[in-house]
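Note: the block below is coords01.cif and it holds mmCIF, C-alpha atoms and all ligand atoms.
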data_work
loop_
_atom_site.label_atom_id
_atom_site.label_comp_id
_atom_site.auth_asym_id
_atom_site.auth_seq_id
_atom_site.Cartn_x
_atom_site.Cartn_y
_atom_site.Cartn_z
CA LEU A 167 4.74 17.18 -1.97
CA GLY A 168 6.25 16.93 1.50
CA PRO A 169 4.20 19.13 3.80
CA ARG A 170 0.95 18.47 1.89
CA TRP A 171 0.90 14.76 2.69
CA LEU A 172 -1.43 15.10 5.61
CA PRO A 173 -3.21 18.44 5.43
CA VAL A 174 -5.61 17.86 8.34
CA PRO A 175 -4.31 15.05 10.56
CA PRO A 176 -7.27 13.37 12.29
CA ALA A 177 -7.01 12.70 16.06
CA ALA A 178 -6.06 9.02 15.75
CA VAL A 179 -3.29 9.89 13.30
CA MET A 180 -2.03 12.72 15.52
CA ASP A 181 -1.18 10.20 18.25
CA SER A 182 0.86 8.16 15.84
CA ILE A 183 2.63 11.32 14.61
CA ILE A 184 3.45 12.28 18.20
CA ILE A 185 4.86 8.81 18.90
CA GLN A 186 6.93 8.95 15.69
CA GLU A 187 8.18 12.44 16.49
CA ARG A 188 9.17 11.33 19.98
CA LEU A 189 11.12 8.52 18.37
CA VAL A 190 12.88 10.97 16.05
CA GLU A 191 13.63 13.23 19.04
CA LYS A 192 15.05 10.25 20.88
CA LEU A 193 17.18 9.24 17.93
CA LEU A 194 18.52 12.74 17.57
CA SER A 195 18.77 13.52 21.28
CA PRO A 196 22.08 15.00 22.56
CA ARG A 197 22.93 11.67 24.12
CA THR A 198 22.48 9.85 20.81
CA GLN A 199 24.50 12.54 19.06
CA ALA A 200 27.25 12.04 21.62
CA GLN A 201 27.15 8.28 21.09
CA ARG A 202 27.65 8.93 17.38
CA SER A 203 30.63 11.21 18.02
CA HIS A 204 34.21 10.06 18.11
CA PRO A 205 34.88 7.52 20.92
CA ALA A 206 37.65 9.77 22.26
CA LYS A 207 35.06 12.47 22.98
CA LEU A 208 32.74 10.22 25.00
CA LYS A 209 31.50 11.54 28.32
CA ASP A 210 32.30 9.61 31.53
CA HIS A 211 28.87 7.99 31.85
CA GLU A 212 29.09 6.76 28.24
CA LYS A 213 32.44 5.07 28.77
CA GLN A 214 30.74 2.22 30.63
CA TYR A 215 28.93 1.20 27.40
CA VAL A 216 30.53 -0.82 24.62
CA GLY A 217 28.40 1.15 22.16
CA PHE A 218 26.36 -1.37 20.20
CA ALA A 219 23.19 0.41 21.33
CA THR A 220 23.91 2.83 18.48
CA LEU A 221 23.50 0.08 15.87
CA PRO A 222 19.85 1.01 15.11
CA ASN A 223 20.98 4.62 14.51
CA GLN A 224 23.63 3.48 12.08
CA VAL A 225 21.04 1.44 10.15
CA HIS A 226 18.60 4.36 10.26
CA ARG A 227 21.12 6.84 8.85
CA LYS A 228 22.23 4.46 6.12
CA SER A 229 18.73 3.63 4.94
CA VAL A 230 17.60 7.29 4.95
CA LYS A 231 20.63 8.11 2.80
CA LYS A 232 19.84 5.30 0.37
CA GLY A 233 16.13 6.16 0.10
CA PHE A 234 13.17 3.81 -0.14
CA ASP A 235 11.13 2.37 -2.97
CA PHE A 236 7.65 0.94 -3.12
CA THR A 237 5.66 -0.56 -5.98
CA LEU A 238 1.90 -0.54 -5.79
CA MET A 239 -0.39 -2.21 -8.32
CA VAL A 240 -4.03 -1.21 -8.80
CA ALA A 241 -6.49 -3.56 -10.44
CA GLY A 242 -10.22 -3.81 -10.95
CA GLU A 243 -12.90 -3.05 -13.49
CA SER A 244 -12.56 0.34 -15.17
CA GLY A 245 -14.62 3.19 -13.72
CA LEU A 246 -14.39 1.96 -10.12
CA GLY A 247 -12.32 4.98 -9.10
CA LYS A 248 -8.80 3.53 -9.14
CA SER A 249 -7.08 6.57 -10.63
CA THR A 250 -9.00 8.94 -8.38
CA LEU A 251 -8.03 6.95 -5.30
CA VAL A 252 -4.34 6.80 -6.22
CA ASN A 253 -4.34 10.57 -6.77
CA SER A 254 -6.08 11.06 -3.41
CA LEU A 255 -3.61 8.75 -1.64
CA PHE A 256 -0.47 10.44 -2.91
CA LEU A 257 -1.85 13.95 -3.54
CA THR A 258 -0.63 13.96 -7.08
CA ASP A 259 -2.02 13.75 -10.61
CA LEU A 260 -0.56 10.62 -12.11
CA TYR A 261 -3.13 10.22 -14.89
CA LYS A 262 -2.84 13.48 -16.83
CA ASP A 263 -2.14 11.72 -20.15
CA ARG A 264 -4.68 8.91 -19.79
CA LYS A 265 -6.72 8.16 -22.92
CA LEU A 266 -10.13 6.59 -22.23
CA LEU A 267 -11.43 4.12 -24.83
CA ASN A 268 -15.02 4.02 -26.07
CA ALA A 269 -17.25 0.93 -25.83
CA GLU A 270 -16.41 -0.27 -29.35
CA GLU A 271 -12.68 -0.03 -28.74
CA ARG A 272 -13.09 -1.99 -25.53
CA ILE A 273 -14.88 -5.02 -27.05
CA ASN A 274 -11.66 -6.86 -27.77
CA GLN A 275 -9.46 -4.86 -25.46
CA THR A 276 -6.52 -6.61 -23.92
CA VAL A 277 -5.16 -5.78 -20.50
CA GLU A 278 -2.26 -3.34 -20.61
CA ILE A 279 0.33 -2.72 -17.94
CA VAL A 280 1.18 0.95 -17.44
CA LYS A 281 3.82 2.14 -15.00
CA HIS A 282 3.99 5.60 -13.42
CA THR A 283 6.93 6.56 -11.22
CA VAL A 284 7.21 9.56 -8.93
CA ASP A 285 9.95 10.57 -6.53
CA ILE A 286 8.55 12.07 -3.37
CA GLU A 287 10.32 13.46 -0.34
CA GLU A 288 9.07 14.10 3.17
CA LYS A 289 11.24 15.44 6.01
CA GLY A 290 14.38 14.46 4.09
CA VAL A 291 13.19 10.88 3.52
CA LYS A 292 13.05 9.98 -0.17
CA LEU A 293 10.55 7.51 -1.59
CA LYS A 294 10.50 6.28 -5.17
CA LEU A 295 6.89 5.30 -5.70
CA THR A 296 5.87 3.19 -8.68
CA ILE A 297 2.21 2.72 -9.52
CA VAL A 298 1.46 -0.20 -11.84
CA ASP A 299 -1.90 0.28 -13.47
CA THR A 300 -3.82 -2.41 -15.36
CA PRO A 301 -6.24 -0.62 -17.73
CA GLY A 302 -8.57 -2.88 -19.63
CA PHE A 303 -8.93 -5.48 -16.87
CA GLY A 304 -12.46 -6.97 -16.97
CA ASP A 305 -13.54 -4.63 -19.80
CA ALA A 306 -13.78 -6.99 -22.78
CA VAL A 307 -16.84 -9.09 -23.67
CA ASN A 308 -14.83 -12.24 -23.06
CA ASN A 309 -12.81 -11.93 -19.87
CA THR A 310 -11.39 -15.44 -19.82
CA GLU A 311 -7.90 -15.30 -18.36
CA CYS A 312 -7.85 -11.49 -18.45
CA TRP A 313 -5.60 -11.64 -15.38
CA LYS A 314 -2.88 -13.47 -17.36
CA PRO A 315 -0.96 -10.31 -18.46
CA ILE A 316 -0.97 -9.25 -14.79
CA THR A 317 0.38 -12.57 -13.44
CA ASP A 318 2.93 -12.59 -16.27
CA TYR A 319 4.08 -9.08 -15.34
CA ILE A 320 4.57 -10.04 -11.68
CA ASP A 321 6.50 -13.17 -12.70
CA GLN A 322 8.68 -11.14 -15.07
CA GLN A 323 9.69 -8.84 -12.23
CA PHE A 324 10.59 -11.84 -10.06
CA GLU A 325 12.52 -13.35 -12.96
CA GLN A 326 14.44 -10.12 -13.52
CA TYR A 327 15.29 -9.90 -9.82
CA PHE A 328 16.39 -13.55 -9.78
CA ARG A 329 18.68 -12.93 -12.77
CA ASP A 330 20.15 -9.77 -11.23
CA GLU A 331 20.69 -11.53 -7.94
CA SER A 332 22.58 -14.34 -9.67
CA GLY A 333 24.63 -11.88 -11.73
CA LEU A 334 27.86 -10.07 -10.99
CA ASN A 335 26.72 -6.61 -9.90
CA ARG A 336 24.41 -7.46 -7.01
CA LYS A 337 24.97 -4.19 -5.21
CA ASN A 338 22.80 -1.99 -7.40
CA ILE A 339 19.85 -4.22 -8.18
CA GLN A 340 16.76 -2.30 -9.19
CA ASP A 341 13.84 -3.86 -7.33
CA ASN A 342 10.72 -3.74 -9.51
CA ARG A 343 8.84 -6.47 -7.66
CA VAL A 344 5.21 -5.58 -6.92
CA HIS A 345 4.83 -5.12 -3.16
CA CYS A 346 1.07 -4.70 -2.95
CA CYS A 347 -1.97 -4.98 -5.19
CA LEU A 348 -5.05 -2.92 -4.36
CA TYR A 349 -7.97 -4.86 -5.82
CA PHE A 350 -11.15 -2.82 -6.34
CA ILE A 351 -14.47 -4.61 -5.78
CA SER A 352 -17.67 -3.10 -7.14
CA PRO A 353 -20.04 -1.74 -4.48
CA PHE A 354 -23.04 -2.54 -6.69
CA GLY A 355 -23.00 -6.34 -6.56
CA HIS A 356 -23.81 -8.84 -3.82
CA GLY A 357 -20.26 -9.74 -2.90
CA LEU A 358 -17.49 -11.06 -5.14
CA ARG A 359 -18.09 -11.64 -8.85
CA PRO A 360 -16.57 -14.72 -10.54
CA VAL A 361 -13.87 -12.54 -12.16
CA ASP A 362 -12.91 -11.18 -8.71
CA VAL A 363 -12.54 -14.71 -7.33
CA GLU A 364 -10.51 -15.91 -10.31
CA PHE A 365 -8.27 -12.82 -10.29
CA MET A 366 -7.46 -13.13 -6.60
CA LYS A 367 -6.91 -16.90 -6.85
CA ALA A 368 -4.51 -16.38 -9.75
CA LEU A 369 -2.49 -13.76 -7.86
CA HIS A 370 -2.68 -14.57 -4.17
CA GLU A 371 0.54 -16.57 -4.10
CA LYS A 372 2.47 -13.94 -6.05
CA VAL A 373 1.55 -10.65 -4.45
CA ASN A 374 0.00 -9.12 -1.32
CA ILE A 375 -3.62 -8.50 -2.27
CA VAL A 376 -5.51 -5.81 -0.37
CA PRO A 377 -9.20 -5.95 -1.41
CA LEU A 378 -11.11 -2.66 -1.36
CA ILE A 379 -14.79 -1.81 -1.70
CA ALA A 380 -14.79 0.99 -4.28
CA LYS A 381 -17.05 4.08 -4.25
CA ALA A 382 -18.26 3.40 -0.72
CA ASP A 383 -20.35 6.58 -0.79
CA CYS A 384 -22.87 4.63 -2.92
CA LEU A 385 -23.81 2.50 0.10
CA ILE A 386 -25.29 3.27 3.53
CA PRO A 387 -23.36 2.07 6.62
CA SER A 388 -25.47 -1.07 7.16
CA GLU A 389 -25.01 -2.06 3.51
CA ILE A 390 -21.25 -1.57 3.82
CA ARG A 391 -21.19 -3.78 6.93
CA LYS A 392 -23.16 -6.50 5.13
CA LEU A 393 -21.02 -6.34 2.00
CA LYS A 394 -17.82 -6.50 4.04
CA GLU A 395 -19.12 -9.57 5.90
CA ARG A 396 -20.13 -11.24 2.67
CA ILE A 397 -16.74 -10.56 1.03
CA ARG A 398 -14.89 -11.88 4.10
CA GLU A 399 -17.01 -15.08 4.01
CA GLU A 400 -16.40 -15.57 0.29
CA ILE A 401 -12.67 -14.98 0.63
CA ASP A 402 -12.67 -17.75 3.24
CA LYS A 403 -14.93 -20.05 1.24
CA PHE A 404 -12.82 -19.85 -1.93
CA GLY A 405 -9.55 -20.24 -0.03
CA ILE A 406 -8.22 -16.87 -1.19
CA LYS A 407 -5.16 -15.70 0.74
CA VAL A 408 -5.31 -11.92 0.90
CA TYR A 409 -2.62 -9.93 2.74
CA GLN A 410 -2.76 -10.74 6.46
CA PHE A 411 -1.86 -7.94 8.86
CA PRO A 412 0.90 -9.20 11.16
CA GLU A 413 0.07 -10.05 14.77
CA CYS A 414 0.47 -7.15 17.17
CA ASP A 415 3.32 -7.64 19.71
CA SER A 416 2.03 -8.39 23.21
CA ASP A 417 4.22 -5.65 24.74
CA GLU A 418 2.63 -2.89 22.62
CA ASP A 419 0.59 -0.30 24.52
CA GLU A 420 -3.20 -0.65 24.78
CA GLU A 421 -3.88 2.22 22.37
CA PHE A 422 -1.74 0.67 19.64
CA LYS A 423 -3.43 -2.70 20.17
CA GLN A 424 -6.84 -1.04 19.84
CA GLN A 425 -5.82 0.65 16.55
CA ASP A 426 -4.53 -2.68 15.29
CA ARG A 427 -7.82 -4.42 16.18
CA GLU A 428 -9.83 -1.70 14.41
CA LEU A 429 -7.65 -2.00 11.33
CA LYS A 430 -8.19 -5.76 11.14
CA GLU A 431 -11.94 -5.45 11.73
CA SER A 432 -12.31 -2.84 8.96
CA ALA A 433 -11.00 -5.08 6.18
CA PRO A 434 -11.91 -5.06 3.33
CA PHE A 435 -11.59 -1.28 3.46
CA ALA A 436 -14.48 0.68 2.00
CA VAL A 437 -12.93 3.69 0.24
CA ILE A 438 -13.91 6.93 -1.44
CA GLY A 439 -11.69 9.00 -3.72
CA SER A 440 -11.93 12.57 -4.92
CA ASN A 441 -9.80 14.92 -6.99
CA THR A 442 -11.47 18.03 -5.64
CA VAL A 443 -11.22 20.10 -2.49
CA VAL A 444 -14.53 21.32 -1.05
CA GLU A 445 -15.47 23.46 1.92
CA ALA A 446 -17.07 21.60 4.84
CA LYS A 447 -17.82 23.32 8.18
CA GLY A 448 -15.44 26.15 7.32
CA GLN A 449 -12.57 23.82 6.45
CA ARG A 450 -11.23 22.92 3.04
CA VAL A 451 -11.22 19.13 2.70
CA ARG A 452 -10.86 16.57 -0.06
CA GLY A 453 -14.38 15.40 -0.73
CA ARG A 454 -17.36 14.91 -3.01
CA LEU A 455 -20.07 17.52 -3.12
CA TYR A 456 -23.62 16.18 -3.58
CA PRO A 457 -26.88 18.17 -3.60
CA TRP A 458 -27.64 16.60 -0.20
CA GLY A 459 -24.27 17.01 1.44
CA ILE A 460 -20.53 16.48 1.41
CA VAL A 461 -18.69 13.17 1.60
CA GLU A 462 -15.26 13.70 3.13
CA VAL A 463 -12.55 11.35 1.95
CA GLU A 464 -10.50 11.72 5.16
CA ASN A 465 -13.42 11.50 7.58
CA GLN A 466 -13.26 8.12 9.33
CA ALA A 467 -17.03 8.22 9.89
CA HIS A 468 -17.51 8.37 6.11
CA CYS A 469 -15.06 5.73 4.87
CA ASP A 470 -11.85 3.76 5.55
CA PHE A 471 -9.58 5.91 3.34
CA VAL A 472 -7.42 7.10 6.27
CA LYS A 473 -7.07 3.53 7.56
CA LEU A 474 -5.93 2.39 4.12
CA ARG A 475 -3.45 5.26 3.76
CA ASN A 476 -2.04 4.74 7.25
CA MET A 477 -1.71 1.02 6.68
CA LEU A 478 -0.01 1.43 3.28
CA ILE A 479 2.32 4.27 4.17
CA ARG A 480 2.73 4.70 7.91
CA THR A 481 2.43 1.27 9.46
CA HIS A 482 2.70 -1.67 7.05
CA MET A 483 4.81 -0.56 4.05
CA HIS A 484 7.83 -2.37 5.37
CA ASP A 485 5.89 -5.52 6.21
CA LEU A 486 4.40 -5.56 2.68
CA LYS A 487 7.94 -5.44 1.30
CA ASP A 488 9.14 -8.13 3.71
CA VAL A 489 6.29 -10.50 2.81
CA THR A 490 6.97 -9.89 -0.91
CA CYS A 491 10.61 -10.74 -0.43
CA ASP A 492 10.39 -13.52 2.17
CA VAL A 493 7.24 -15.31 1.03
CA HIS A 494 6.23 -14.54 -2.57
CA TYR A 495 9.70 -14.12 -4.05
CA GLU A 496 11.06 -17.06 -2.04
CA ASN A 497 8.31 -19.29 -3.49
CA TYR A 498 9.18 -18.15 -6.99
CA ARG A 499 12.90 -18.65 -6.37
CA ALA A 500 12.38 -22.12 -4.89
CA GLN A 501 10.34 -23.15 -7.96
CA CYS A 502 13.03 -21.83 -10.29
CA ILE A 503 15.78 -23.66 -8.50
CA GLN A 504 13.71 -26.85 -8.44
CA GLN A 505 13.14 -26.61 -12.19
CA MET A 506 16.82 -25.95 -12.82
CA THR A 507 17.91 -29.00 -10.86
P1 LIG B 1 -10.83 4.13 -13.00
O1 LIG B 1 -11.24 3.88 -14.40
O2 LIG B 1 -11.05 2.92 -12.15
O3 LIG B 1 -9.47 4.69 -12.87
O4 LIG B 1 -11.88 5.22 -12.42
P2 LIG B 1 -11.74 6.80 -12.31
O5 LIG B 1 -10.86 7.17 -11.16
O6 LIG B 1 -11.40 7.36 -13.64
O7 LIG B 1 -13.23 7.21 -11.89
C1 LIG B 1 -14.35 6.97 -12.72
C2 LIG B 1 -15.49 7.89 -12.30
O8 LIG B 1 -15.90 7.60 -10.96
C3 LIG B 1 -15.13 9.37 -12.29
O9 LIG B 1 -16.23 10.10 -12.77
C4 LIG B 1 -14.85 9.69 -10.84
O10 LIG B 1 -15.10 11.04 -10.53
C5 LIG B 1 -15.82 8.77 -10.14
N1 LIG B 1 -15.35 8.36 -8.81
C6 LIG B 1 -14.08 8.12 -8.43
N2 LIG B 1 -14.02 7.77 -7.13
C7 LIG B 1 -15.30 7.77 -6.68
C8 LIG B 1 -15.90 7.50 -5.40
O11 LIG B 1 -15.24 7.17 -4.42
N3 LIG B 1 -17.26 7.63 -5.32
C9 LIG B 1 -18.02 7.96 -6.38
N4 LIG B 1 -19.34 8.07 -6.19
N5 LIG B 1 -17.50 8.24 -7.59
C10 LIG B 1 -16.16 8.15 -7.74
#
Could I get this structure in the form of structure tokens?
Ligand code: GDP
Amino acid sequence: LGPRWLPVPPAAVMDSIIIQERLVEKLLSPRTQAQRSHPAKLKDHEKQYVGFATLPNQVHRKSVKKGFDFTLMVAGESGLGKSTLVNSLFLTDLYKDRKLLNAEERINQTVEIVKHTVDIEEKGVKLKLTIVDTPGFGDAVNNTECWKPITDYIDQQFEQYFRDESGLNRKNIQDNRVHCCLYFISPFGHGLRPVDVEFMKALHEKVNIVPLIAKADCLIPSEIRKLKERIREEIDKFGIKVYQFPECDSDEDEEFKQQDRELKESAPFAVIGSNTVVEAKGQRVRGRLYPWGIVEVENQAHCDFVKLRNMLIRTHMHDLKDVTCDVHYENYRAQCIQQMT
């Protein structure tokens, strides 16, 4: 998968790649290498340092060796393009064996939880990615409490982690906690539907919810703007706590601050997915071919797909994990301990 992660990096992403590459260069620069070498071999100018400036390098090397994991949940009515978007995000085909049910089978359908795990590697960095899918959500005639199997699943993962943490072998705990939930909102309505509100209210204190407007190519730009505004207002009105992007540090450069502002203003992201590669202006791009033109998934003028991917993978993956651990899991743990005492 490695080199195919970002086939055509757009300009905004290029800058972030350059900054990251500079950082890697810095970390691996001859001076840093020397700092890592045996103290006896230190050059004169390095002898004046105690050496704790190498601590970040030590952490970096250790965590690269260990590898990373990330668990992403996708939820929303069936047919909103969840599988297509996940495949577009990770350039893989995770749904080869999916069996689609007919209308009759779906009348009394219960929500299932299906897990797909892939190991991906990029520039020597390993990521174990788990996608938790929720087929059947919102599909039955009676959708009362259809989010219950999902909240139960999230609680079970917390419970398992709590048990493992209190057990003897705490060194090799497998972390299956859900770090982020992409919630797909239909582009065809006039804002949130009751089931969207109830789902998010049931989950917002357990997981980082990132709401998305699905199939954004069905709307024109002014309709997307209006729908985004409406969803933001309703999220406020119903007291739903979706994932909040952390504040940007004041010492960041102006360009980074601008990107951060744009990211926050774009929420909820309007996304488009596609499993096919089409030719647009002489270039092969992931997109959707219509009789009247091509919608490019990675074109920022067409949708917020690149913003979502950058946020999930390049900029906020660690924060999503931190918030899961420090806020959602801590709440669960505090409740457990309270009940026990
Ligand atoms: P899921 O049931 O939510 O996983 O939805 P699928 O990914 O299976 O997609 C359902 C249908 O919608 C398929 O025919 C897809 O080709 C189509 N689809 C997926 N993403 C988009 C999109 O962004 N825009 C449009 N117009 N159609 C899409």
Name each residue within 8 Å of ligand LIG 1 (chain B), counting all atoms listed in the file, as number ranges by chain.
A: 242-251, 301, 380-384, 437-441, 454
Please indicate the distance in Å from atom CA of Leu378 of chain A to atom CA of Pro412 of chain A, rounded to one decimal place.
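Pair atom CA of Leu378 of chain A / atom CA of Pro412 of chain A returns 18.5 Å.
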Within 8 Å of Lys281 of chain A, counting only C-alpha atoms, which residues show up once you throw out same-chain ones fewer than 5 positions away? Write them as a ChimeraX atom specification, please.
/A:296-299
Pick from A:Ile460, A:Ile351, A:Val493, A:Ile401, whichever lies nearest to Lys447 of chain A using only C-alpha atoms
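Once distances to Lys447 of chain A are computed over only C-alpha atoms, the minimum belongs to A:Ile460.
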Just want the 8 Å neighbourhood of Phe236 of chain A, counted on only C-alpha atoms, with same-chain residues fewer than 6 positions away dropped. Output as an MDAnalysis selection string.
chainID A and resid 293:296 344:345 483 487
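Atom CA of Ala241 of chain A lies 16.2 Å from atom CA of Ser254 of chain A.
Atom pair atom CA of His494 of chain A / atom CA of His370 of chain A has a distance of 9.1 Å (rounded to one decimal).
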Considering all atoms listed in the file, state which residue in the set A:His282, A:Lys423, A:Lys372, A:Lys473 is at the smallest distance from Asp318 of chain A.
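Under the stated criterion, the closest residue is A:Lys372.
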Restricting the calculation to all atoms listed in the file, which member of A:Gln322, A:Ser229, A:Asn342, A:Gln505 is positioned closest to Thr490 of chain A?
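Counting all atoms listed in the file, the residue closest to Thr490 of chain A is A:Asn342.
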Counting only C-alpha atoms, the option among A:Lys367, A:Ala436, A:Pro360, A:Asn338 closest to Asn309 of chain A:
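Among the listed residues, A:Pro360 lies closest to Asn309 of chain A.
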Closest of A:Thr481, A:Arg475, A:Tyr349, A:Asp470 to Val408 of chain A - atom-to-atom distances counting all atoms listed in the file
A:Tyr349
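For the residues A:Ile479, A:Ile286, A:Val280, A:Leu257, ranking by smallest atom-to-atom distance to Gly233 of chain A using only C-alpha atoms places A:Ile286 first.
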Let me have the centre and edge lengths in Å, one decimal, of the box along x, y and z around every listed atom of segment 489-499 of chain A with 5 Å of margin on each side, as JSON.
{"center_x": 9.6, "center_y": -14.6, "center_z": -2.1, "size_x": 16.7, "size_y": 19.4, "size_z": 19.8}
